[in-house]
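**Student:** Got a structure for you, structure_18.cif, holding mmCIF, C-alpha atoms.
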data_final
#
loop_
_atom_site.group_PDB
_atom_site.id
_atom_site.type_symbol
_atom_site.label_atom_id
_atom_site.label_comp_id
_atom_site.auth_asym_id
_atom_site.auth_seq_id
_atom_site.Cartn_x
_atom_site.Cartn_y
_atom_site.Cartn_z
ATOM 1 C CA MET A 1 -95.752 -71.104 90.426
ATOM 2 C CA VAL A 2 -94.972 -72.650 87.073
ATOM 3 C CA PHE A 3 -94.443 -69.173 85.549
ATOM 4 C CA VAL A 4 -92.096 -68.129 88.375
ATOM 5 C CA SER A 5 -90.215 -71.397 88.104
ATOM 6 C CA ASN A 6 -89.746 -70.999 84.356
ATOM 7 C CA LEU A 7 -88.681 -67.370 84.769
ATOM 8 C CA THR A 8 -86.113 -68.296 87.387
ATOM 9 C CA SER A 9 -84.821 -71.121 85.242
ATOM 10 C CA GLN A 10 -84.472 -68.819 82.238
ATOM 11 C CA THR A 11 -82.699 -66.168 84.357
ATOM 12 C CA ILE A 12 -80.216 -68.758 85.576
ATOM 13 C CA LYS A 13 -79.601 -69.951 82.028
ATOM 14 C CA ASN A 14 -78.964 -66.393 80.892
ATOM 15 C CA LYS A 15 -76.490 -65.796 83.693
ATOM 16 C CA ILE A 16 -74.669 -69.023 82.990
ATOM 17 C CA GLY A 17 -74.602 -68.143 79.309
ATOM 18 C CA ASN A 18 -73.109 -64.742 80.059
ATOM 19 C CA MET A 19 -70.452 -66.345 82.249
ATOM 20 C CA ASN A 20 -69.506 -68.800 79.527
ATOM 21 C CA ASP A 21 -69.284 -66.008 76.967
ATOM 22 C CA THR A 22 -66.703 -64.097 79.000
ATOM 23 C CA PRO A 23 -63.325 -64.288 77.193
ATOM 24 C CA ILE A 24 -60.441 -65.711 79.212
ATOM 25 C CA HIS A 25 -56.986 -64.267 78.575
ATOM 26 C CA MET A 26 -54.826 -66.681 80.538
ATOM 27 C CA TYR A 27 -51.650 -66.385 78.424
ATOM 28 C CA PRO A 28 -50.942 -62.785 77.319
ATOM 29 C CA LYS A 29 -48.597 -62.515 74.360
ATOM 30 C CA VAL A 30 -46.946 -59.361 75.707
ATOM 31 C CA PRO A 31 -44.373 -59.673 78.558
ATOM 32 C CA PRO A 32 -45.536 -58.186 81.896
ATOM 33 C CA THR A 33 -42.826 -55.508 82.072
ATOM 34 C CA LYS A 34 -43.714 -54.343 78.581
ATOM 35 C CA GLN A 35 -47.392 -54.192 79.512
ATOM 36 C CA ARG A 36 -46.665 -52.055 82.579
ATOM 37 C CA ASN A 37 -44.187 -49.895 80.628
ATOM 38 C CA ARG A 38 -42.092 -48.850 83.603
ATOM 39 C CA GLU A 39 -38.464 -49.069 84.600
ATOM 40 C CA GLU A 40 -37.303 -51.321 87.427
ATOM 41 C CA LYS A 41 -34.300 -51.076 89.682
ATOM 42 C CA PHE A 42 -31.499 -53.290 88.407
ATOM 43 C CA ARG A 43 -30.143 -55.648 91.068
ATOM 44 C CA LEU A 44 -26.891 -57.593 90.724
ATOM 45 C CA ALA A 45 -27.045 -61.304 91.480
ATOM 46 C CA LYS A 46 -25.396 -62.330 94.735
ATOM 47 C CA ASN A 47 -24.900 -65.497 96.748
ATOM 48 C CA VAL A 48 -25.625 -64.970 100.429
ATOM 49 C CA PRO A 49 -25.339 -68.233 102.438
ATOM 50 C CA PHE A 50 -28.087 -67.230 104.888
ATOM 51 C CA TRP A 51 -30.662 -66.691 102.132
ATOM 52 C CA HIS A 52 -29.601 -69.880 100.361
ATOM 53 C CA PHE A 53 -30.151 -71.684 103.673
ATOM 54 C CA ILE A 54 -33.674 -70.238 103.880
ATOM 55 C CA ALA A 55 -34.450 -71.008 100.225
ATOM 56 C CA ASN A 56 -33.186 -74.586 100.611
ATOM 57 C CA ILE A 57 -35.806 -75.103 103.313
ATOM 58 C CA VAL A 58 -38.723 -73.036 102.033
ATOM 59 C CA PHE A 59 -38.726 -73.925 98.316
ATOM 60 C CA PRO A 60 -38.776 -77.728 98.778
ATOM 61 C CA ALA A 61 -41.460 -77.346 101.449
ATOM 62 C CA MET A 62 -43.603 -75.308 99.043
ATOM 63 C CA LEU A 63 -43.216 -77.934 96.328
ATOM 64 C CA LYS A 64 -44.020 -80.808 98.658
ATOM 65 C CA ALA A 65 -47.139 -79.009 99.835
ATOM 66 C CA ARG A 66 -48.467 -78.888 96.258
ATOM 67 C CA PHE A 67 -46.989 -81.892 94.453
ATOM 68 C CA TYR A 68 -47.197 -85.540 95.443
ATOM 69 C CA ALA A 69 -43.792 -86.379 93.952
ATOM 70 C CA ALA A 70 -40.980 -85.136 91.746
ATOM 71 C CA MET A 71 -38.894 -87.321 89.482
ATOM 72 C CA ILE A 72 -35.933 -86.600 87.249
ATOM 73 C CA LYS A 73 -34.145 -88.280 84.360
ATOM 74 C CA GLY A 74 -30.772 -87.472 82.858
ATOM 75 C CA LYS A 75 -29.124 -86.014 85.939
ATOM 76 C CA GLU A 76 -25.864 -87.540 84.706
ATOM 77 C CA ASN A 77 -26.035 -85.312 81.603
ATOM 78 C CA ALA A 78 -25.224 -82.303 83.766
ATOM 79 C CA GLU A 79 -21.941 -84.008 84.664
ATOM 80 C CA LYS A 80 -21.047 -84.630 81.016
ATOM 81 C CA CYS A 81 -20.579 -80.909 80.398
ATOM 82 C CA ASP A 82 -17.125 -79.593 79.569
ATOM 83 C CA LYS A 83 -15.692 -78.527 82.935
ATOM 84 C CA ARG A 84 -13.834 -75.617 81.350
ATOM 85 C CA PHE A 85 -17.036 -73.710 80.587
ATOM 86 C CA ALA A 86 -20.210 -72.510 82.274
ATOM 87 C CA THR A 87 -23.515 -74.220 81.512
ATOM 88 C CA ILE A 88 -26.804 -72.748 80.336
ATOM 89 C CA PHE A 89 -29.837 -74.874 81.155
ATOM 90 C CA TYR A 90 -32.779 -73.910 78.959
ATOM 91 C CA ALA A 91 -36.298 -75.144 79.676
ATOM 92 C CA ASN A 92 -39.943 -74.757 78.719
ATOM 93 C CA HIS A 93 -41.903 -72.223 80.760
ATOM 94 C CA THR A 94 -45.520 -73.209 81.476
ATOM 95 C CA ASN A 95 -46.323 -72.081 85.010
ATOM 96 C CA TRP A 96 -45.383 -70.184 88.165
ATOM 97 C CA TRP A 97 -43.514 -73.139 89.709
ATOM 98 C CA ASP A 98 -40.841 -73.339 86.992
ATOM 99 C CA GLY A 99 -38.455 -70.918 88.695
ATOM 100 C CA LEU A 100 -38.649 -72.507 92.139
ATOM 101 C CA TRP A 101 -38.135 -75.946 90.660
ATOM 102 C CA ALA A 102 -35.161 -74.679 88.615
ATOM 103 C CA TYR A 103 -33.539 -73.430 91.830
ATOM 104 C CA CYS A 104 -34.065 -76.819 93.499
ATOM 105 C CA ILE A 105 -32.622 -78.733 90.536
ATOM 106 C CA VAL A 106 -29.417 -76.692 90.518
ATOM 107 C CA ASN A 107 -28.894 -76.248 94.260
ATOM 108 C CA LEU A 108 -30.315 -79.465 95.725
ATOM 109 C CA ILE A 109 -30.040 -82.080 92.964
ATOM 110 C CA ILE A 110 -27.110 -81.221 90.679
ATOM 111 C CA LYS A 111 -25.335 -79.263 93.473
ATOM 112 C CA ASN A 112 -21.967 -77.509 93.586
ATOM 113 C CA ARG A 113 -23.080 -74.956 91.017
ATOM 114 C CA ARG A 114 -23.401 -71.193 91.121
ATOM 115 C CA PHE A 115 -27.047 -70.528 90.291
ATOM 116 C CA ARG A 116 -27.935 -67.614 88.016
ATOM 117 C CA PHE A 117 -31.442 -66.785 86.879
ATOM 118 C CA MET A 118 -33.191 -63.864 85.165
ATOM 119 C CA ILE A 119 -36.592 -62.875 86.594
ATOM 120 C CA GLU A 120 -39.063 -60.549 84.977
ATOM 121 C CA GLU A 121 -40.797 -58.236 87.474
ATOM 122 C CA MET A 122 -38.157 -58.983 90.100
ATOM 123 C CA ASN A 123 -39.264 -55.889 91.997
ATOM 124 C CA ARG A 124 -41.941 -58.199 93.437
ATOM 125 C CA PHE A 125 -39.270 -60.581 94.774
ATOM 126 C CA PRO A 126 -36.255 -58.380 95.659
ATOM 127 C CA LEU A 127 -34.799 -60.916 98.122
ATOM 128 C CA PHE A 128 -34.193 -63.314 95.235
ATOM 129 C CA GLN A 129 -31.191 -61.135 94.434
ATOM 130 C CA TYR A 130 -29.360 -62.885 97.274
ATOM 131 C CA ILE A 131 -29.825 -66.396 95.855
ATOM 132 C CA GLY A 132 -28.401 -65.672 92.409
ATOM 133 C CA CYS A 133 -31.239 -63.897 90.588
ATOM 134 C CA PHE A 134 -31.328 -60.606 88.708
ATOM 135 C CA PRO A 135 -34.050 -58.767 86.749
ATOM 136 C CA ILE A 136 -34.797 -58.475 83.082
ATOM 137 C CA ASN A 137 -37.002 -55.620 81.929
ATOM 138 C CA LYS A 138 -38.573 -56.036 78.496
ATOM 139 C CA LYS A 139 -39.993 -52.543 78.397
ATOM 140 C CA SER A 140 -37.485 -51.802 75.633
ATOM 141 C CA SER A 141 -34.815 -53.634 73.681
ATOM 142 C CA GLN A 142 -32.167 -51.481 75.415
ATOM 143 C CA SER A 143 -33.329 -52.628 78.861
ATOM 144 C CA ALA A 144 -33.379 -56.266 77.762
ATOM 145 C CA ILE A 145 -29.887 -56.049 76.239
ATOM 146 C CA LYS A 146 -28.573 -54.577 79.492
ATOM 147 C CA SER A 147 -29.745 -57.682 81.348
ATOM 148 C CA LEU A 148 -28.400 -60.034 78.678
ATOM 149 C CA ASN A 149 -24.989 -58.374 78.729
ATOM 150 C CA TYR A 150 -24.897 -58.709 82.500
ATOM 151 C CA ALA A 151 -25.988 -62.342 82.142
ATOM 152 C CA VAL A 152 -22.956 -62.991 79.929
ATOM 153 C CA THR A 153 -20.617 -61.643 82.636
ATOM 154 C CA THR A 154 -22.006 -64.257 85.068
ATOM 155 C CA LEU A 155 -20.806 -67.037 82.755
ATOM 156 C CA ASP A 156 -17.171 -66.324 83.640
ATOM 157 C CA LYS A 157 -16.909 -69.227 86.114
ATOM 158 C CA PRO A 158 -17.063 -72.857 84.907
ATOM 159 C CA ASN A 159 -19.281 -73.895 87.824
ATOM 160 C CA THR A 160 -22.032 -71.436 86.808
ATOM 161 C CA ALA A 161 -25.432 -72.972 86.102
ATOM 162 C CA PHE A 162 -27.444 -70.341 84.266
ATOM 163 C CA TRP A 163 -31.153 -71.105 83.902
ATOM 164 C CA ILE A 164 -33.161 -69.518 81.105
ATOM 165 C CA PHE A 165 -36.601 -69.847 79.534
ATOM 166 C CA PRO A 166 -35.826 -69.015 75.884
ATOM 167 C CA GLN A 167 -39.504 -68.584 74.984
ATOM 168 C CA GLY A 168 -39.345 -65.366 77.016
ATOM 169 C CA ILE A 169 -42.917 -65.717 78.253
ATOM 170 C CA ILE A 170 -45.173 -68.326 79.876
ATOM 171 C CA ARG A 171 -46.773 -70.581 77.276
ATOM 172 C CA PRO A 172 -49.521 -73.214 77.674
ATOM 173 C CA PRO A 173 -48.364 -76.813 78.257
ATOM 174 C CA HIS A 174 -47.646 -78.569 74.938
ATOM 175 C CA TYR A 175 -47.714 -75.250 73.060
ATOM 176 C CA ARG A 176 -46.512 -75.649 69.494
ATOM 177 C CA PRO A 177 -44.563 -74.566 67.624
ATOM 178 C CA GLU A 178 -41.762 -73.704 70.018
ATOM 179 C CA ILE A 179 -40.788 -70.070 69.544
ATOM 180 C CA PHE A 180 -37.476 -68.901 71.004
ATOM 181 C CA GLN A 181 -36.435 -65.319 71.537
ATOM 182 C CA SER A 182 -32.845 -64.544 70.518
ATOM 183 C CA GLY A 183 -31.531 -64.262 74.111
ATOM 184 C CA LEU A 184 -30.160 -67.817 74.346
ATOM 185 C CA ALA A 185 -28.265 -67.565 71.065
ATOM 186 C CA TYR A 186 -26.970 -64.114 72.015
ATOM 187 C CA MET A 187 -25.611 -65.375 75.346
ATOM 188 C CA ALA A 188 -24.004 -68.416 73.727
ATOM 189 C CA GLU A 189 -22.277 -66.258 71.102
ATOM 190 C CA LYS A 190 -20.920 -63.784 73.640
ATOM 191 C CA ALA A 191 -19.803 -66.529 76.040
ATOM 192 C CA ILE A 192 -17.781 -68.167 73.259
ATOM 193 C CA GLU A 193 -16.185 -64.813 72.391
ATOM 194 C CA LYS A 194 -15.278 -63.977 75.997
ATOM 195 C CA TYR A 195 -14.612 -67.371 77.618
ATOM 196 C CA GLY A 196 -13.891 -69.746 74.744
ATOM 197 C CA GLY A 197 -16.977 -71.919 74.995
ATOM 198 C CA ILE A 198 -20.308 -72.745 76.612
ATOM 199 C CA ASN A 199 -22.376 -75.825 77.500
ATOM 200 C CA LEU A 200 -26.076 -75.943 76.579
ATOM 201 C CA VAL A 201 -28.402 -78.429 78.301
ATOM 202 C CA PRO A 202 -32.096 -78.712 77.317
ATOM 203 C CA VAL A 203 -34.598 -79.378 80.117
ATOM 204 C CA ALA A 204 -38.156 -80.654 79.725
ATOM 205 C CA ASN A 205 -40.556 -80.043 82.617
ATOM 206 C CA SER A 206 -44.049 -81.467 82.982
ATOM 207 C CA PHE A 207 -46.419 -80.759 85.867
ATOM 208 C CA MET A 208 -49.345 -83.182 85.717
ATOM 209 C CA PHE A 209 -51.573 -85.712 87.399
ATOM 210 C CA LEU A 210 -50.491 -89.327 87.063
ATOM 211 C CA ARG A 211 -52.061 -91.892 89.409
ATOM 212 C CA GLN A 212 -52.326 -89.911 92.631
ATOM 213 C CA ASP A 213 -54.714 -87.289 93.965
ATOM 214 C CA ARG A 214 -52.102 -84.536 93.552
ATOM 215 C CA PRO A 215 -49.993 -83.563 90.537
ATOM 216 C CA GLU A 216 -46.393 -84.651 90.074
ATOM 217 C CA ILE A 217 -43.295 -83.068 88.523
ATOM 218 C CA ILE A 218 -41.532 -84.938 85.728
ATOM 219 C CA THR A 219 -38.199 -83.496 84.547
ATOM 220 C CA GLU A 220 -35.763 -84.683 81.917
ATOM 221 C CA LEU A 221 -32.286 -83.266 81.276
ATOM 222 C CA GLY A 222 -31.093 -83.776 77.719
ATOM 223 C CA GLU A 223 -27.658 -84.433 76.306
ATOM 224 C CA PRO A 224 -25.336 -81.421 76.665
ATOM 225 C CA LEU A 225 -24.080 -79.506 73.654
ATOM 226 C CA THR A 226 -20.618 -77.989 74.092
ATOM 227 C CA LEU A 227 -19.884 -75.104 71.742
ATOM 228 C CA THR A 228 -16.557 -73.425 71.060
ATOM 229 C CA GLU A 229 -17.741 -71.806 67.826
ATOM 230 C CA ILE A 230 -21.023 -71.217 66.002
ATOM 231 C CA HIS A 231 -21.232 -71.669 62.215
ATOM 232 C CA ALA A 232 -24.444 -69.722 61.680
ATOM 233 C CA ASP A 233 -25.949 -66.300 62.167
ATOM 234 C CA ARG A 234 -27.989 -65.657 65.303
ATOM 235 C CA LYS A 235 -31.372 -66.074 63.620
ATOM 236 C CA THR A 236 -30.434 -69.413 62.056
ATOM 237 C CA PHE A 237 -28.836 -70.644 65.279
ATOM 238 C CA THR A 238 -31.957 -69.703 67.264
ATOM 239 C CA HIS A 239 -34.128 -71.595 64.778
ATOM 240 C CA GLU A 240 -31.913 -74.697 65.077
ATOM 241 C CA LEU A 241 -32.075 -74.581 68.863
ATOM 242 C CA GLN A 242 -35.851 -74.237 68.984
ATOM 243 C CA GLU A 243 -36.368 -76.960 66.384
ATOM 244 C CA ASN A 244 -34.198 -79.454 68.290
ATOM 245 C CA PHE A 245 -35.816 -78.440 71.582
ATOM 246 C CA GLU A 246 -39.299 -79.069 70.187
ATOM 247 C CA LYS A 247 -38.267 -82.599 69.137
ATOM 248 C CA PHE A 248 -36.831 -83.158 72.619
ATOM 249 C CA LEU A 249 -40.086 -82.006 74.268
ATOM 250 C CA ASP A 250 -42.213 -84.096 71.918
ATOM 251 C CA LYS A 251 -40.246 -87.235 72.777
ATOM 252 C CA HIS A 252 -40.480 -86.401 76.489
ATOM 253 C CA ASP A 253 -44.271 -85.950 76.228
ATOM 254 C CA LYS A 254 -44.732 -89.093 74.158
ATOM 255 C CA ASN A 255 -42.880 -91.264 76.684
ATOM 256 C CA ILE A 256 -45.082 -89.914 79.476
ATOM 257 C CA SER A 257 -48.244 -90.517 77.430
ATOM 258 C CA LEU A 258 -47.151 -94.149 76.948
ATOM 259 C CA GLY A 259 -46.355 -94.559 80.635
ATOM 260 C CA GLU A 260 -42.651 -95.094 79.944
ATOM 261 C CA PHE A 261 -40.633 -93.891 82.954
ATOM 262 C CA GLU A 262 -37.469 -95.934 82.537
ATOM 263 C CA GLY A 263 -34.439 -93.978 83.732
ATOM 264 C CA TYR A 264 -36.400 -91.702 86.065
ATOM 265 C CA HIS A 265 -35.564 -91.432 89.760
ATOM 266 C CA TYR A 266 -37.644 -89.892 92.519
ATOM 267 C CA VAL A 267 -36.313 -86.697 94.026
ATOM 268 C CA TYR A 268 -38.988 -87.084 96.673
ATOM 269 C CA LYS A 269 -42.236 -88.991 97.079
ATOM 270 C CA GLN A 270 -44.908 -88.181 99.646
ATOM 271 C CA LYS A 271 -46.657 -90.643 101.881
ATOM 272 C CA LEU A 272 -50.214 -91.365 100.784
ATOM 273 C CA HIS A 273 -53.027 -89.559 102.573
ATOM 274 C CA TRP A 274 -54.871 -91.882 104.934
ATOM 275 C CA TRP A 275 -57.842 -92.319 102.590
ATOM 276 C CA ARG A 276 -55.559 -93.222 99.696
ATOM 277 C CA ALA A 277 -53.631 -95.646 101.899
ATOM 278 C CA ILE A 278 -56.916 -97.359 102.829
ATOM 279 C CA GLU A 279 -57.895 -97.501 99.161
ATOM 280 C CA GLN A 280 -54.582 -99.146 98.246
ATOM 281 C CA LYS A 281 -55.009 -101.626 101.079
ATOM 282 C CA LEU A 282 -58.522 -102.572 99.931
ATOM 283 C CA LYS A 283 -57.293 -103.026 96.371
ATOM 284 C CA SER A 284 -54.518 -105.352 97.496
ATOM 285 C CA ILE A 285 -57.025 -107.432 99.495
ATOM 286 C CA GLY A 286 -59.194 -107.843 96.418
ATOM 287 C CA ILE A 287 -56.205 -108.981 94.344
ATOM 288 C CA LYS A 288 -55.201 -111.563 96.950
ATOM 289 C CA GLU A 289 -58.747 -112.993 97.069
ATOM 290 C CA GLU A 290 -58.820 -113.405 93.297
ATOM 291 C CA GLU A 291 -55.505 -115.262 93.395
#
Would you write the structure of this file as structure tokens?
**Tutor:**
Amino acid sequence: MVFVSNLTSQTIKNKIGNMNDTPIHMYPKVPPTKQRNREEKFRLAKNVPFWHFIANIVFPAMLKARFYAAMIKGKENAEKCDKRFATIFYANHTNWWDGLWAYCIVNLIIKNRRFRFMIEEMNRFPLFQYIGCFPINKKSSQSAIKSLNYAVTTLDKPNTAFWIFPQGIIRPPHYRPEIFQSGLAYMAEKAIEKYGGINLVPVANSFMFLRQDRPEIITELGEPLTLTEIHADRKTFTHELQENFEKFLDKHDKNISLGEFEGYHYVYKQKLHWWRAIEQKLKSIGIKEEE
């Protein structure tokens, strides 16, 4: 019995060891469309009221089902933008929820904006075409440029809110250093040439657990930068943008780590589950007794 027990124990240890030795590739460095190496149908972005109506119901419901609360800071910065030009919101990209949350920020929080958004592998979500999205295929530089040139044409209206993840790929939370692709700088340059100017607004998103049993969304909109000319080449301009964005993210993260939430406002906040409500009640009773 002792021999069998030891053998079983050793077998289990070996299996666990093998499991732990398995490499995990959670964040590929190559974009999905480049990995698959195939062309995708290009779809023009449209705004269909019916599909916006559906998205305005479904997306918030999905977020509320997964996140206890969402809070935002700097909403007023979106209103500081020069009303003559379109606005590009550029944010960090750390998870699947980023796109849905971007839609909600523009359409349900800032409002009165024409949402535009590039999606890689949009063939998986073709209906998103009708709420302002269009694909970008990174199979080749020619395919990517086609999408970027189309993106520039969508900046023709001052009420356009274009959302972009300049890293070009999902990165781990708190990934450093920030590395931007040249797409943001390219769009800014072309928008200035064609329309006279562009607004750039940095956005920091954090999805994390705070004091509840479900994670929360913490978003900060930075001060807008209005450009009517660029005094640098594209590479230098991209480096400046990513350097300033990294400082912005670091400050955002530091404030959260210190528990400093001054200036934030709840977009929504769920009711506590019954067991959490009971816990809070018991805690309050204990505090009253001590007093």
**Student:** Against stretch 152-156 of chain A, which residues of stretch 18-114 of chain A fall within 9 Å? For each one I want the closest pair of atoms and the distance in Å (one decimal), counting only C-alpha atoms, rows by chain and increasing residue number, as a Markdown table.
**Tutor:**
| residue | atom | partner | partner_atom | distance |
| --- | --- | --- | --- | --- |
| A:Ala45 | CA | A:Thr154 | CA | 8.7 |
| A:Phe85 | CA | A:Leu155 | CA | 8.0 |
| A:Ala86 | CA | A:Leu155 | CA | 5.5 |
| A:Thr87 | CA | A:Leu155 | CA | 7.8 |
| A:Ile88 | CA | A:Leu155 | CA | 8.6 |
**Student:** Could the residues in this selection be saved with C-alpha atoms as a PDB file, in the coordinates of the input?
**Tutor:**
ATOM      1  CA  ALA A  45     -27.045 -61.304  91.480  1.00  0.00           C
ATOM      2  CA  PHE A  85     -17.036 -73.710  80.587  1.00  0.00           C
ATOM      3  CA  ALA A  86     -20.210 -72.510  82.274  1.00  0.00           C
ATOM      4  CA  THR A  87     -23.515 -74.220  81.512  1.00  0.00           C
ATOM      5  CA  ILE A  88     -26.804 -72.748  80.336  1.00  0.00           C
TER       6      ILE A  88
END
**Student:** Would you kindly return, as a ChimeraX atom specification, each protein, DNA or RNA residue with an atom no farther than 6 Å from any atom of stretch 197-209 of chain A, considering only C-alpha atoms and excluding same-chain residues fewer than 6 positions away?
**Tutor:** /A:85-91,215-222,224-228,249
**Student:** Between atom CA of A:Tyr27 and atom CA of A:Lys146, what is the distance, to one decimal in Å?
**Tutor:**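 Separating atom CA of A:Tyr27 from atom CA of A:Lys146 is a distance of 25.9 Å.
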**Student:** Starting from the shown file, work through the PyMOL selection byres ((chain A and resi 127) around 12) and note down what comes out as a list in words.
**Tutor:**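 Checked against the file, the PyMOL selection byres ((chain A and resi 127) around 12) matches Arg43, Leu44, Ala45, Lys46, Asn47, Val48, Phe50, Trp51, His52, Ile54, Ala55, Ile119, Met122, Asn123, Arg124, Phe125, Pro126, Phe128, Gln129, Tyr130, Ile131, Gly132, Cys133, Phe134 and Pro135 of chain A.
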**Student:** Nearest to A:Phe59: which of A:Phe237, A:Trp97, A:Phe42, A:Tyr150 is it, counting only C-alpha atoms?
**Tutor:**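 Between A:Phe237, A:Trp97, A:Phe42, A:Tyr150, the residue approaching A:Phe59 most closely is A:Trp97.
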**Student:** Go through A:Glu189, A:Leu210, A:Asn244, A:Tyr268 and flag the residue nearest A:Leu108, using all atoms listed in the file for the distances.
**Tutor:** A:Tyr268
**Student:** Report the closest atom pair, with its distance in Å rounded to one decimal, for each residue of stretch 163-225 of chain A that has an atom no farther than 8 Å from stretch 238-243 of chain A; count only C-alpha atoms, sort by chain and then rising residue number, and write it as a tab-separated table.
**Tutor:**
residue	atom	partner	partner_atom	distance
A:Glu178	CA	A:Gln242	CA	6.0
A:Ile179	CA	A:Gln242	CA	6.5
A:Phe180	CA	A:Gln242	CA	5.9
A:Gln181	CA	A:Thr238	CA	7.6
A:Ser182	CA	A:Thr238	CA	6.2
A:Leu184	CA	A:Thr238	CA	7.5
A:Ala185	CA	A:Thr238	CA	5.7
**Student:** Just how far from atom CA of A:Lys157 is atom CA of A:Glu229, in Å to one decimal?
**Tutor:**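 The value is 18.5 Å.
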**Student:** Nearest to A:Gln167: which of A:Lys111, A:Ala144, A:Phe117, A:Gly183 is it, counting only C-alpha atoms?
**Tutor:**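 Of the candidates, the smallest distance to A:Gln167 is held by A:Gly183.
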**Student:** Which distance in Å separates atom CA of A:Phe165 and atom CA of A:Gln270, to one decimal?
**Tutor:**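 So the answer is 28.5 Å.
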**Student:** Could you tell me which of A:Asp213, A:Lys251, A:Gly168, A:Thr160 comes closest to A:Tyr68 if we count only C-alpha atoms?
**Tutor:** A:Asp213
**Student:** Report as lines of an AutoDock Vina configuration file the centre and the edge lengths, in Å to one decimal, of the axis-aligned box holding every listed atom of stretch 208-215 of chain A, padded by 5 Å on each side.
**Tutor:**
center_x = -52.0
center_y = -87.5
center_z = 89.8
size_x = 15.4
size_y = 18.7
size_z = 18.2
**Student:** Apply the PyMOL selection byres ((chain A and resi 71) around 7) to the file shown and report the selected residues as a count of residues only.
**Tutor:** 10
